[in-house]
Amino acid sequence: MKILITGGAGYLGSAIVPRLINKNYNVTVIDNLYFKQFTLHDMFKYENFEFIFEDVRNFKIVNDIAKQFDVVIPLAGLVGAPLCDLHPIDAVKINQTAVEELCNTLSKETKMIIPVTNSGYGISKPDEICTEDTKLNPISIYGKTKVAAEKVTMERGNAVSFRLATVFGVTSRMRTDLLVNNFVLEAVKNKYLKIFEGHFMRNYIHVQDVARVMLYAIENFDKLKNNSYNFGLEDANLSKIQLANFIKKYVPDLVIEESKHGRDPDQRNYTVSNKKIIATGFKFKYSLDLGVRELIKAYKMLPEKNFSNL
Ligand SMILES: NC(=O)c1ccc[n+]([C@@H]2O[C@H](COP(=O)([O-])OP(=O)(O)OC[C@H]3O[C@@H](n4cnc5c(N)ncnc54)[C@H](O)[C@@H]3O)[C@@H](O)[C@H]2O)c1
């Protein structure tokens, strides 16, 4: 089976690609190396790995390449609300139009698996638990482009989408702007966390479970297809303050302070149900506890500040 991953040299791709290569799939990555990253260097020795240095905004070139594949996984994007706010036109072209172009070009036989963000739920009503049927209410440009990309992909059909919780954990294209990764970094380096909107509820997922569910979707495509799935840990719906206190278990001298100033550009405040993907038989493997300990270990080595998307 031939698999194309756009944006495969990013944070998620760096976990997904090795997992698929090790399962002997033929994997091709298209990426413009936006961060000048060199993250897939361990892959070049494999016969079943190919890399194409290209920009997904070159629609015709990318679509012609994509036609040769059985499965297409569009990861290329300007990821996160702050980066999209800085480059709104590029954000629409890369996150949304490039996916629309793919959907218009690919034959119906081609399978598509797309990760989007559960920030599409925006602020939920008090006590509401967001299921896949909950109305989407994206607030930021980032959220809006991802919701639009999911819509066009699911309308095309022969597709699966995963509405990812906030991802955490270490990959070779590290991101320290993600909430858990960032809180642990601040805790380890500065022993101090200043938190705004501390009561806002979020859901979390380990990056290796994201890689596992991509493989799971490839191998169970007919069972999952034409559905969207929330994808986060059922036991990790925590407010930001609860998350900070969770981290404090491992960094006892951490000082946590609540601030009245600051605003989440996505206004993410929701509790998410992940029962639909669990009902298909998928089993999560990596806990929040493991991820926090993993990050604490990693930050002894990683220099700070070099790994933010902004
Ligand atoms: N990390 C998360 O928490 C999370 C959550 C939900 C959804 N997602 C989605 O998963 C995908 C990957 O996210 P990530 O965390 O790996 O982000 P990332 O920023 O690490 O990776 C994005 C990748 O896209 C590439 N890219 C950017 N512009 C490009 C262009 N014009 N042409 C070709 N390649 C381009 C970058 O070089 C990079 O390798 C995104 O679509 C994102 O919306 C991520």
# chains A, B, ... in the order shown; residues from 1 in each chain; ligands from 1
>>> residues_around(residues="Leu12 in chain A", least_positions_apart="2", cutoff="12 Å", atoms="only C-alpha atoms", output="number ranges by chain")
A: 5-10, 14-19, 39-40, 73-77, 79, 114-116, 164, 166-175, 205-214
>>> residues_around(residues="Ala81 in chain A", least_positions_apart="2", cutoff="6 Å", atoms="only C-alpha atoms", output="NGL selection string")
:A and (83-84 or 142)
>>> residues_around(residues="Lys260 in chain A", least_positions_apart="2", cutoff="8 Å", atoms="only C-alpha atoms", output="ChimeraX atom specification")
/A:196-197,258,262
>>> select_by_dssp(residues="range 101-279 of chain A", states="alpha helix (DSSP H)", output="PyMOL selection string")
chain A and resi 101-105+141-156+179-190+207-219+221-224+240-248+275-279
>>> select_by_dssp(residues="range 107-184 of chain A", states="strand (DSSP E)", output="list in words")
Lys111, Met112, Ile113, Ile114, Pro115, Val116, Thr117, Ile129, Cys130, Ala159, Val160, Ser161, Phe162, Arg163, Leu164, Thr166, Val167 and Phe168 of chain A
>>> write_last_selection(atoms="N, CA, C and O atoms", output="PDB file, in the first residue's frame")
ATOM      1  N   LYS A 111      -8.086   6.615  -0.338  1.00  0.00           N
ATOM      2  CA  LYS A 111      -8.555   6.778   1.046  1.00  0.00           C
ATOM      3  C   LYS A 111      -7.909   8.022   1.641  1.00  0.00           C
ATOM      4  O   LYS A 111      -6.735   8.285   1.377  1.00  0.00           O
ATOM      5  N   MET A 112      -8.666   8.767   2.407  1.00  0.00           N
ATOM      6  CA  MET A 112      -8.091   9.939   3.084  1.00  0.00           C
ATOM      7  C   MET A 112      -8.287   9.811   4.593  1.00  0.00           C
ATOM      8  O   MET A 112      -9.351   9.394   5.062  1.00  0.00           O
ATOM      9  N   ILE A 113      -7.224  10.174   5.327  1.00  0.00           N
ATOM     10  CA  ILE A 113      -7.298  10.180   6.801  1.00  0.00           C
ATOM     11  C   ILE A 113      -6.779  11.539   7.246  1.00  0.00           C
ATOM     12  O   ILE A 113      -5.631  11.897   6.958  1.00  0.00           O
ATOM     13  N   ILE A 114      -7.622  12.305   7.901  1.00  0.00           N
ATOM     14  CA  ILE A 114      -7.232  13.692   8.215  1.00  0.00           C
ATOM     15  C   ILE A 114      -7.368  13.977   9.708  1.00  0.00           C
ATOM     16  O   ILE A 114      -8.403  13.689  10.304  1.00  0.00           O
ATOM     17  N   PRO A 115      -6.285  14.518  10.306  1.00  0.00           N
ATOM     18  CA  PRO A 115      -6.433  14.966  11.690  1.00  0.00           C
ATOM     19  C   PRO A 115      -6.882  16.419  11.717  1.00  0.00           C
ATOM     20  O   PRO A 115      -6.371  17.246  10.959  1.00  0.00           O
ATOM     21  N   VAL A 116      -7.867  16.726  12.516  1.00  0.00           N
ATOM     22  CA  VAL A 116      -8.277  18.118  12.724  1.00  0.00           C
ATOM     23  C   VAL A 116      -8.262  18.357  14.228  1.00  0.00           C
ATOM     24  O   VAL A 116      -7.857  17.485  14.992  1.00  0.00           O
ATOM     25  N   THR A 117      -8.679  19.541  14.637  1.00  0.00           N
ATOM     26  CA  THR A 117      -8.538  19.862  16.059  1.00  0.00           C
ATOM     27  C   THR A 117      -9.891  19.876  16.753  1.00  0.00           C
ATOM     28  O   THR A 117     -10.881  20.344  16.176  1.00  0.00           O
ATOM     29  N   ILE A 129     -21.146  17.580  27.394  1.00  0.00           N
ATOM     30  CA  ILE A 129     -20.008  16.764  26.990  1.00  0.00           C
ATOM     31  C   ILE A 129     -20.036  16.679  25.469  1.00  0.00           C
ATOM     32  O   ILE A 129     -21.036  16.258  24.886  1.00  0.00           O
ATOM     33  N   CYS A 130     -18.948  17.113  24.826  1.00  0.00           N
ATOM     34  CA  CYS A 130     -18.938  17.176  23.361  1.00  0.00           C
ATOM     35  C   CYS A 130     -18.764  15.785  22.766  1.00  0.00           C
ATOM     36  O   CYS A 130     -17.769  15.100  23.029  1.00  0.00           O
ATOM     37  N   ALA A 159     -13.311   8.521   3.638  1.00  0.00           N
ATOM     38  CA  ALA A 159     -12.395   9.275   4.506  1.00  0.00           C
ATOM     39  C   ALA A 159     -12.719   9.039   5.977  1.00  0.00           C
ATOM     40  O   ALA A 159     -13.836   8.655   6.334  1.00  0.00           O
ATOM     41  N   VAL A 160     -11.692   9.280   6.796  1.00  0.00           N
ATOM     42  CA  VAL A 160     -11.853   9.242   8.256  1.00  0.00           C
ATOM     43  C   VAL A 160     -11.239  10.525   8.791  1.00  0.00           C
ATOM     44  O   VAL A 160     -10.171  10.937   8.327  1.00  0.00           O
ATOM     45  N   SER A 161     -11.908  11.166   9.757  1.00  0.00           N
ATOM     46  CA  SER A 161     -11.255  12.310  10.394  1.00  0.00           C
ATOM     47  C   SER A 161     -11.148  12.061  11.892  1.00  0.00           C
ATOM     48  O   SER A 161     -12.016  11.417  12.494  1.00  0.00           O
ATOM     49  N   PHE A 162     -10.051  12.569  12.449  1.00  0.00           N
ATOM     50  CA  PHE A 162      -9.829  12.496  13.893  1.00  0.00           C
ATOM     51  C   PHE A 162      -9.768  13.913  14.439  1.00  0.00           C
ATOM     52  O   PHE A 162      -8.929  14.708  14.000  1.00  0.00           O
ATOM     53  N   ARG A 163     -10.664  14.197  15.376  1.00  0.00           N
ATOM     54  CA  ARG A 163     -10.662  15.508  16.025  1.00  0.00           C
ATOM     55  C   ARG A 163      -9.765  15.396  17.253  1.00  0.00           C
ATOM     56  O   ARG A 163     -10.201  14.933  18.322  1.00  0.00           O
ATOM     57  N   LEU A 164      -8.520  15.797  17.064  1.00  0.00           N
ATOM     58  CA  LEU A 164      -7.515  15.534  18.091  1.00  0.00           C
ATOM     59  C   LEU A 164      -7.657  16.478  19.276  1.00  0.00           C
ATOM     60  O   LEU A 164      -7.871  17.681  19.114  1.00  0.00           O
ATOM     61  N   THR A 166      -5.571  18.152  22.594  1.00  0.00           N
ATOM     62  CA  THR A 166      -4.240  18.779  22.614  1.00  0.00           C
ATOM     63  C   THR A 166      -3.185  17.691  22.763  1.00  0.00           C
ATOM     64  O   THR A 166      -3.217  16.908  23.720  1.00  0.00           O
ATOM     65  N   VAL A 167      -2.265  17.657  21.823  1.00  0.00           N
ATOM     66  CA  VAL A 167      -1.295  16.558  21.786  1.00  0.00           C
ATOM     67  C   VAL A 167      -0.119  16.895  22.697  1.00  0.00           C
ATOM     68  O   VAL A 167       0.272  18.059  22.829  1.00  0.00           O
ATOM     69  N   PHE A 168       0.434  15.862  23.349  1.00  0.00           N
ATOM     70  CA  PHE A 168       1.630  16.056  24.183  1.00  0.00           C
ATOM     71  C   PHE A 168       2.616  14.919  23.910  1.00  0.00           C
ATOM     72  O   PHE A 168       2.268  13.905  23.297  1.00  0.00           O
TER      73      PHE A 168
END
>>> residues_around(residues="range 135-137 of chain A", least_positions_apart="2", cutoff="8 Å", atoms="only C-alpha atoms", output="CSV table (one decimal) with N, CA, C and O atoms, in the first residue's frame")
chain,number,residue,atom,x,y,z
A,120,GLY,N,-12.4,22.9,17.4
A,120,GLY,CA,-13.6,23.2,16.6
A,120,GLY,C,-14.8,23.3,17.4
A,120,GLY,O,-15.8,24.0,17.1
A,121,TYR,N,-14.8,22.7,18.6
A,121,TYR,CA,-16.0,22.8,19.5
A,121,TYR,C,-16.1,24.1,20.2
A,121,TYR,O,-17.2,24.5,20.7
A,122,GLY,N,-15.0,24.9,20.2
A,122,GLY,CA,-15.1,26.2,20.9
A,122,GLY,C,-15.5,26.1,22.3
A,122,GLY,O,-15.3,25.1,23.0
A,123,ILE,N,-16.3,27.1,22.8
A,123,ILE,CA,-16.8,27.1,24.2
A,123,ILE,C,-18.0,26.2,24.2
A,123,ILE,O,-19.0,26.5,23.5
A,133,ASP,N,-21.4,14.6,17.5
A,133,ASP,CA,-22.6,15.3,17.0
A,133,ASP,C,-22.8,16.7,17.5
A,133,ASP,O,-23.7,17.4,17.1
A,139,ILE,N,-13.5,29.3,16.6
A,139,ILE,CA,-13.4,30.7,16.8
A,139,ILE,C,-12.2,31.3,16.1
A,139,ILE,O,-12.4,32.4,15.5
A,147,VAL,N,-11.9,23.1,10.5
A,147,VAL,CA,-13.3,22.6,10.4
A,147,VAL,C,-13.7,22.5,8.9
A,147,VAL,O,-14.3,21.6,8.4
>>> residues_around(residues="Leu295 in chain A", least_positions_apart="3", cutoff="9 Å", atoms="only C-alpha atoms", output="list in words")
Phe168, Gly169, Val170, Val180, Asn181, Val184, Leu185, Leu290, Gly291, Val292, Ala298, Tyr299 and Lys300 of chain A
>>> write_last_selection(atoms="all heavy atoms", output="short mmCIF file (atom, residue, chain, number, x, y, z; two decimals), in the first residue's frame")
data_model
loop_
_atom_site.label_atom_id
_atom_site.label_comp_id
_atom_site.auth_asym_id
_atom_site.auth_seq_id
_atom_site.Cartn_x
_atom_site.Cartn_y
_atom_site.Cartn_z
N PHE A 168 0.43 15.86 23.35
CA PHE A 168 1.63 16.06 24.18
C PHE A 168 2.62 14.92 23.91
O PHE A 168 2.27 13.91 23.30
CB PHE A 168 1.27 16.11 25.68
CG PHE A 168 0.62 14.85 26.21
CD1 PHE A 168 1.38 13.80 26.69
CD2 PHE A 168 -0.76 14.74 26.24
CE1 PHE A 168 0.79 12.64 27.18
CE2 PHE A 168 -1.37 13.59 26.73
CZ PHE A 168 -0.60 12.53 27.19
N GLY A 169 3.85 15.11 24.38
CA GLY A 169 4.88 14.08 24.22
C GLY A 169 6.00 14.61 23.35
O GLY A 169 5.92 15.69 22.78
N VAL A 170 7.06 13.80 23.27
CA VAL A 170 8.29 14.23 22.59
C VAL A 170 8.37 13.58 21.22
O VAL A 170 8.13 12.38 21.08
CB VAL A 170 9.52 13.78 23.43
CG1 VAL A 170 10.82 14.19 22.75
CG2 VAL A 170 9.45 14.37 24.83
N VAL A 180 0.40 21.04 27.30
CA VAL A 180 1.10 20.18 28.28
C VAL A 180 2.61 20.34 28.11
O VAL A 180 3.34 20.53 29.09
CB VAL A 180 0.71 18.69 28.09
CG1 VAL A 180 1.42 17.83 29.12
CG2 VAL A 180 -0.80 18.51 28.18
N ASN A 181 3.07 20.30 26.85
CA ASN A 181 4.51 20.43 26.59
C ASN A 181 5.03 21.76 27.15
O ASN A 181 6.13 21.83 27.70
CB ASN A 181 4.79 20.38 25.09
CG ASN A 181 4.49 19.01 24.50
OD1 ASN A 181 4.10 18.09 25.21
ND2 ASN A 181 4.65 18.87 23.19
N VAL A 184 4.96 21.86 31.17
CA VAL A 184 6.06 21.07 31.76
C VAL A 184 7.39 21.82 31.55
O VAL A 184 8.22 21.88 32.46
CB VAL A 184 6.12 19.64 31.18
CG1 VAL A 184 7.32 18.89 31.76
CG2 VAL A 184 4.83 18.88 31.49
N LEU A 185 7.56 22.43 30.38
CA LEU A 185 8.79 23.20 30.13
C LEU A 185 8.94 24.32 31.15
O LEU A 185 9.99 24.47 31.78
CB LEU A 185 8.76 23.79 28.71
CG LEU A 185 9.96 24.67 28.35
CD1 LEU A 185 11.23 23.85 28.22
CD2 LEU A 185 9.72 25.43 27.06
N LEU A 290 2.54 9.28 32.04
CA LEU A 290 3.76 8.89 31.33
C LEU A 290 4.31 10.06 30.52
O LEU A 290 5.52 10.32 30.50
CB LEU A 290 3.46 7.71 30.40
CG LEU A 290 4.66 7.21 29.61
CD1 LEU A 290 4.76 5.70 29.69
CD2 LEU A 290 4.58 7.65 28.15
N GLY A 291 3.41 10.79 29.88
CA GLY A 291 3.84 11.91 29.04
C GLY A 291 4.54 13.00 29.84
O GLY A 291 5.55 13.55 29.40
N VAL A 292 4.01 13.30 31.04
CA VAL A 292 4.63 14.34 31.87
C VAL A 292 6.03 13.90 32.30
O VAL A 292 7.00 14.66 32.21
CB VAL A 292 3.74 14.65 33.10
CG1 VAL A 292 4.48 15.50 34.12
CG2 VAL A 292 2.46 15.35 32.65
N ALA A 298 13.01 14.76 28.96
CA ALA A 298 13.49 15.33 27.69
C ALA A 298 14.00 16.75 27.88
O ALA A 298 14.99 17.15 27.25
CB ALA A 298 12.37 15.32 26.65
N TYR A 299 13.36 17.53 28.75
CA TYR A 299 13.76 18.93 28.90
C TYR A 299 15.10 19.07 29.61
O TYR A 299 15.67 20.16 29.65
CB TYR A 299 12.67 19.73 29.61
CG TYR A 299 11.45 19.97 28.73
CD1 TYR A 299 10.16 19.92 29.25
CD2 TYR A 299 11.60 20.27 27.37
CE1 TYR A 299 9.06 20.15 28.44
CE2 TYR A 299 10.50 20.49 26.56
CZ TYR A 299 9.23 20.44 27.11
OH TYR A 299 8.13 20.66 26.30
N LYS A 300 15.62 17.97 30.17
CA LYS A 300 16.99 18.04 30.70
C LYS A 300 17.97 18.20 29.54
O LYS A 300 19.09 18.63 29.72
CB LYS A 300 17.32 16.77 31.47
CG LYS A 300 16.57 16.67 32.78
CD LYS A 300 16.96 15.41 33.52
CE LYS A 300 16.11 15.29 34.77
NZ LYS A 300 16.05 13.93 35.25
#
>>> decode(residues="range 146-161 of chain A", atoms="all heavy atoms", output="PDB file, in the first residue's frame")
ATOM      1  N   LYS A 146      -9.502  24.390   9.852  1.00  0.00           N
ATOM      2  CA  LYS A 146      -9.487  22.939  10.091  1.00  0.00           C
ATOM      3  C   LYS A 146     -10.899  22.354   9.979  1.00  0.00           C
ATOM      4  O   LYS A 146     -11.086  21.260   9.446  1.00  0.00           O
ATOM      5  CB  LYS A 146      -8.883  22.619  11.468  1.00  0.00           C
ATOM      6  CG  LYS A 146      -7.436  23.011  11.654  1.00  0.00           C
ATOM      7  CD  LYS A 146      -6.491  22.409  10.636  1.00  0.00           C
ATOM      8  CE  LYS A 146      -6.349  20.915  10.747  1.00  0.00           C
ATOM      9  NZ  LYS A 146      -5.353  20.392   9.770  1.00  0.00           N
ATOM     10  N   VAL A 147     -11.889  23.083  10.472  1.00  0.00           N
ATOM     11  CA  VAL A 147     -13.281  22.611  10.356  1.00  0.00           C
ATOM     12  C   VAL A 147     -13.675  22.545   8.879  1.00  0.00           C
ATOM     13  O   VAL A 147     -14.300  21.575   8.420  1.00  0.00           O
ATOM     14  CB  VAL A 147     -14.240  23.520  11.166  1.00  0.00           C
ATOM     15  CG1 VAL A 147     -15.696  23.243  10.805  1.00  0.00           C
ATOM     16  CG2 VAL A 147     -14.028  23.284  12.659  1.00  0.00           C
ATOM     17  N   ALA A 148     -13.260  23.563   8.098  1.00  0.00           N
ATOM     18  CA  ALA A 148     -13.594  23.570   6.661  1.00  0.00           C
ATOM     19  C   ALA A 148     -12.905  22.404   5.944  1.00  0.00           C
ATOM     20  O   ALA A 148     -13.500  21.760   5.072  1.00  0.00           O
ATOM     21  CB  ALA A 148     -13.177  24.905   6.040  1.00  0.00           C
ATOM     22  N   ALA A 149     -11.649  22.127   6.316  1.00  0.00           N
ATOM     23  CA  ALA A 149     -10.916  21.015   5.679  1.00  0.00           C
ATOM     24  C   ALA A 149     -11.583  19.675   6.004  1.00  0.00           C
ATOM     25  O   ALA A 149     -11.708  18.794   5.143  1.00  0.00           O
ATOM     26  CB  ALA A 149      -9.459  21.010   6.143  1.00  0.00           C
ATOM     27  N   GLU A 150     -12.032  19.542   7.249  1.00  0.00           N
ATOM     28  CA  GLU A 150     -12.716  18.294   7.616  1.00  0.00           C
ATOM     29  C   GLU A 150     -14.014  18.146   6.819  1.00  0.00           C
ATOM     30  O   GLU A 150     -14.328  17.077   6.282  1.00  0.00           O
ATOM     31  CB  GLU A 150     -13.034  18.263   9.109  1.00  0.00           C
ATOM     32  CG  GLU A 150     -13.733  16.968   9.517  1.00  0.00           C
ATOM     33  CD  GLU A 150     -14.305  17.005  10.924  1.00  0.00           C
ATOM     34  OE1 GLU A 150     -15.072  17.928  11.248  1.00  0.00           O
ATOM     35  OE2 GLU A 150     -13.973  16.087  11.702  1.00  0.00           O
ATOM     36  N   LYS A 151     -14.758  19.247   6.696  1.00  0.00           N
ATOM     37  CA  LYS A 151     -16.068  19.198   6.026  1.00  0.00           C
ATOM     38  C   LYS A 151     -15.903  18.717   4.585  1.00  0.00           C
ATOM     39  O   LYS A 151     -16.590  17.790   4.140  1.00  0.00           O
ATOM     40  CB  LYS A 151     -16.697  20.595   6.076  1.00  0.00           C
ATOM     41  CG  LYS A 151     -18.099  20.676   5.532  1.00  0.00           C
ATOM     42  CD  LYS A 151     -18.746  22.007   5.949  1.00  0.00           C
ATOM     43  CE  LYS A 151     -20.178  22.124   5.486  1.00  0.00           C
ATOM     44  NZ  LYS A 151     -20.316  22.434   4.085  1.00  0.00           N
ATOM     45  N   VAL A 152     -14.968  19.326   3.852  1.00  0.00           N
ATOM     46  CA  VAL A 152     -14.819  18.979   2.434  1.00  0.00           C
ATOM     47  C   VAL A 152     -14.318  17.527   2.300  1.00  0.00           C
ATOM     48  O   VAL A 152     -14.721  16.798   1.387  1.00  0.00           O
ATOM     49  CB  VAL A 152     -13.897  20.003   1.709  1.00  0.00           C
ATOM     50  CG1 VAL A 152     -12.444  19.876   2.116  1.00  0.00           C
ATOM     51  CG2 VAL A 152     -14.021  19.869   0.209  1.00  0.00           C
ATOM     52  N   THR A 153     -13.486  17.097   3.238  1.00  0.00           N
ATOM     53  CA  THR A 153     -12.966  15.727   3.176  1.00  0.00           C
ATOM     54  C   THR A 153     -14.079  14.713   3.435  1.00  0.00           C
ATOM     55  O   THR A 153     -14.196  13.704   2.724  1.00  0.00           O
ATOM     56  CB  THR A 153     -11.828  15.532   4.218  1.00  0.00           C
ATOM     57  OG1 THR A 153     -10.864  16.557   4.036  1.00  0.00           O
ATOM     58  CG2 THR A 153     -11.170  14.177   4.079  1.00  0.00           C
ATOM     59  N   MET A 154     -14.916  14.991   4.429  1.00  0.00           N
ATOM     60  CA  MET A 154     -15.969  14.036   4.762  1.00  0.00           C
ATOM     61  C   MET A 154     -17.077  14.053   3.713  1.00  0.00           C
ATOM     62  O   MET A 154     -17.692  13.024   3.427  1.00  0.00           O
ATOM     63  CB  MET A 154     -16.530  14.319   6.170  1.00  0.00           C
ATOM     64  CG  MET A 154     -15.506  14.225   7.291  1.00  0.00           C
ATOM     65  SD  MET A 154     -14.402  12.788   7.197  1.00  0.00           S
ATOM     66  CE  MET A 154     -15.519  11.464   7.618  1.00  0.00           C
ATOM     67  N   GLU A 155     -17.310  15.215   3.107  1.00  0.00           N
ATOM     68  CA  GLU A 155     -18.318  15.267   2.032  1.00  0.00           C
ATOM     69  C   GLU A 155     -17.851  14.481   0.809  1.00  0.00           C
ATOM     70  O   GLU A 155     -18.647  13.877   0.094  1.00  0.00           O
ATOM     71  CB  GLU A 155     -18.610  16.726   1.657  1.00  0.00           C
ATOM     72  CG  GLU A 155     -19.545  17.375   2.654  1.00  0.00           C
ATOM     73  CD  GLU A 155     -19.740  18.871   2.442  1.00  0.00           C
ATOM     74  OE1 GLU A 155     -19.161  19.431   1.493  1.00  0.00           O
ATOM     75  OE2 GLU A 155     -20.464  19.468   3.255  1.00  0.00           O
ATOM     76  N   ARG A 156     -16.539  14.512   0.548  1.00  0.00           N
ATOM     77  CA  ARG A 156     -16.005  13.735  -0.580  1.00  0.00           C
ATOM     78  C   ARG A 156     -16.221  12.242  -0.344  1.00  0.00           C
ATOM     79  O   ARG A 156     -16.497  11.468  -1.257  1.00  0.00           O
ATOM     80  CB  ARG A 156     -14.503  14.026  -0.730  1.00  0.00           C
ATOM     81  CG  ARG A 156     -13.799  13.065  -1.655  1.00  0.00           C
ATOM     82  CD  ARG A 156     -12.293  13.190  -1.504  1.00  0.00           C
ATOM     83  NE  ARG A 156     -11.621  12.141  -2.223  1.00  0.00           N
ATOM     84  CZ  ARG A 156     -11.287  10.969  -1.699  1.00  0.00           C
ATOM     85  NH1 ARG A 156     -11.573  10.709  -0.441  1.00  0.00           N
ATOM     86  NH2 ARG A 156     -10.681  10.057  -2.430  1.00  0.00           N
ATOM     87  N   GLY A 157     -16.075  11.807   0.915  1.00  0.00           N
ATOM     88  CA  GLY A 157     -16.284  10.402   1.264  1.00  0.00           C
ATOM     89  C   GLY A 157     -15.010   9.589   1.195  1.00  0.00           C
ATOM     90  O   GLY A 157     -13.935  10.098   0.861  1.00  0.00           O
ATOM     91  N   ASN A 158     -15.121   8.298   1.538  1.00  0.00           N
ATOM     92  CA  ASN A 158     -13.974   7.388   1.620  1.00  0.00           C
ATOM     93  C   ASN A 158     -12.885   8.005   2.497  1.00  0.00           C
ATOM     94  O   ASN A 158     -11.700   7.996   2.137  1.00  0.00           O
ATOM     95  CB  ASN A 158     -13.426   7.060   0.225  1.00  0.00           C
ATOM     96  CG  ASN A 158     -12.795   5.679   0.203  1.00  0.00           C
ATOM     97  OD1 ASN A 158     -13.123   4.824   1.033  1.00  0.00           O
ATOM     98  ND2 ASN A 158     -11.885   5.447  -0.720  1.00  0.00           N
ATOM     99  N   ALA A 159     -13.311   8.521   3.638  1.00  0.00           N
ATOM    100  CA  ALA A 159     -12.395   9.275   4.506  1.00  0.00           C
ATOM    101  C   ALA A 159     -12.719   9.039   5.977  1.00  0.00           C
ATOM    102  O   ALA A 159     -13.836   8.655   6.334  1.00  0.00           O
ATOM    103  CB  ALA A 159     -12.514  10.762   4.192  1.00  0.00           C
ATOM    104  N   VAL A 160     -11.692   9.280   6.796  1.00  0.00           N
ATOM    105  CA  VAL A 160     -11.853   9.242   8.256  1.00  0.00           C
ATOM    106  C   VAL A 160     -11.239  10.525   8.791  1.00  0.00           C
ATOM    107  O   VAL A 160     -10.171  10.937   8.327  1.00  0.00           O
ATOM    108  CB  VAL A 160     -11.077   8.046   8.865  1.00  0.00           C
ATOM    109  CG1 VAL A 160     -11.178   8.055  10.393  1.00  0.00           C
ATOM    110  CG2 VAL A 160     -11.580   6.727   8.313  1.00  0.00           C
ATOM    111  N   SER A 161     -11.908  11.166   9.757  1.00  0.00           N
ATOM    112  CA  SER A 161     -11.255  12.310  10.394  1.00  0.00           C
ATOM    113  C   SER A 161     -11.148  12.061  11.892  1.00  0.00           C
ATOM    114  O   SER A 161     -12.016  11.417  12.494  1.00  0.00           O
ATOM    115  CB  SER A 161     -12.006  13.618  10.120  1.00  0.00           C
ATOM    116  OG  SER A 161     -13.086  13.769  11.011  1.00  0.00           O
TER     117      SER A 161
END
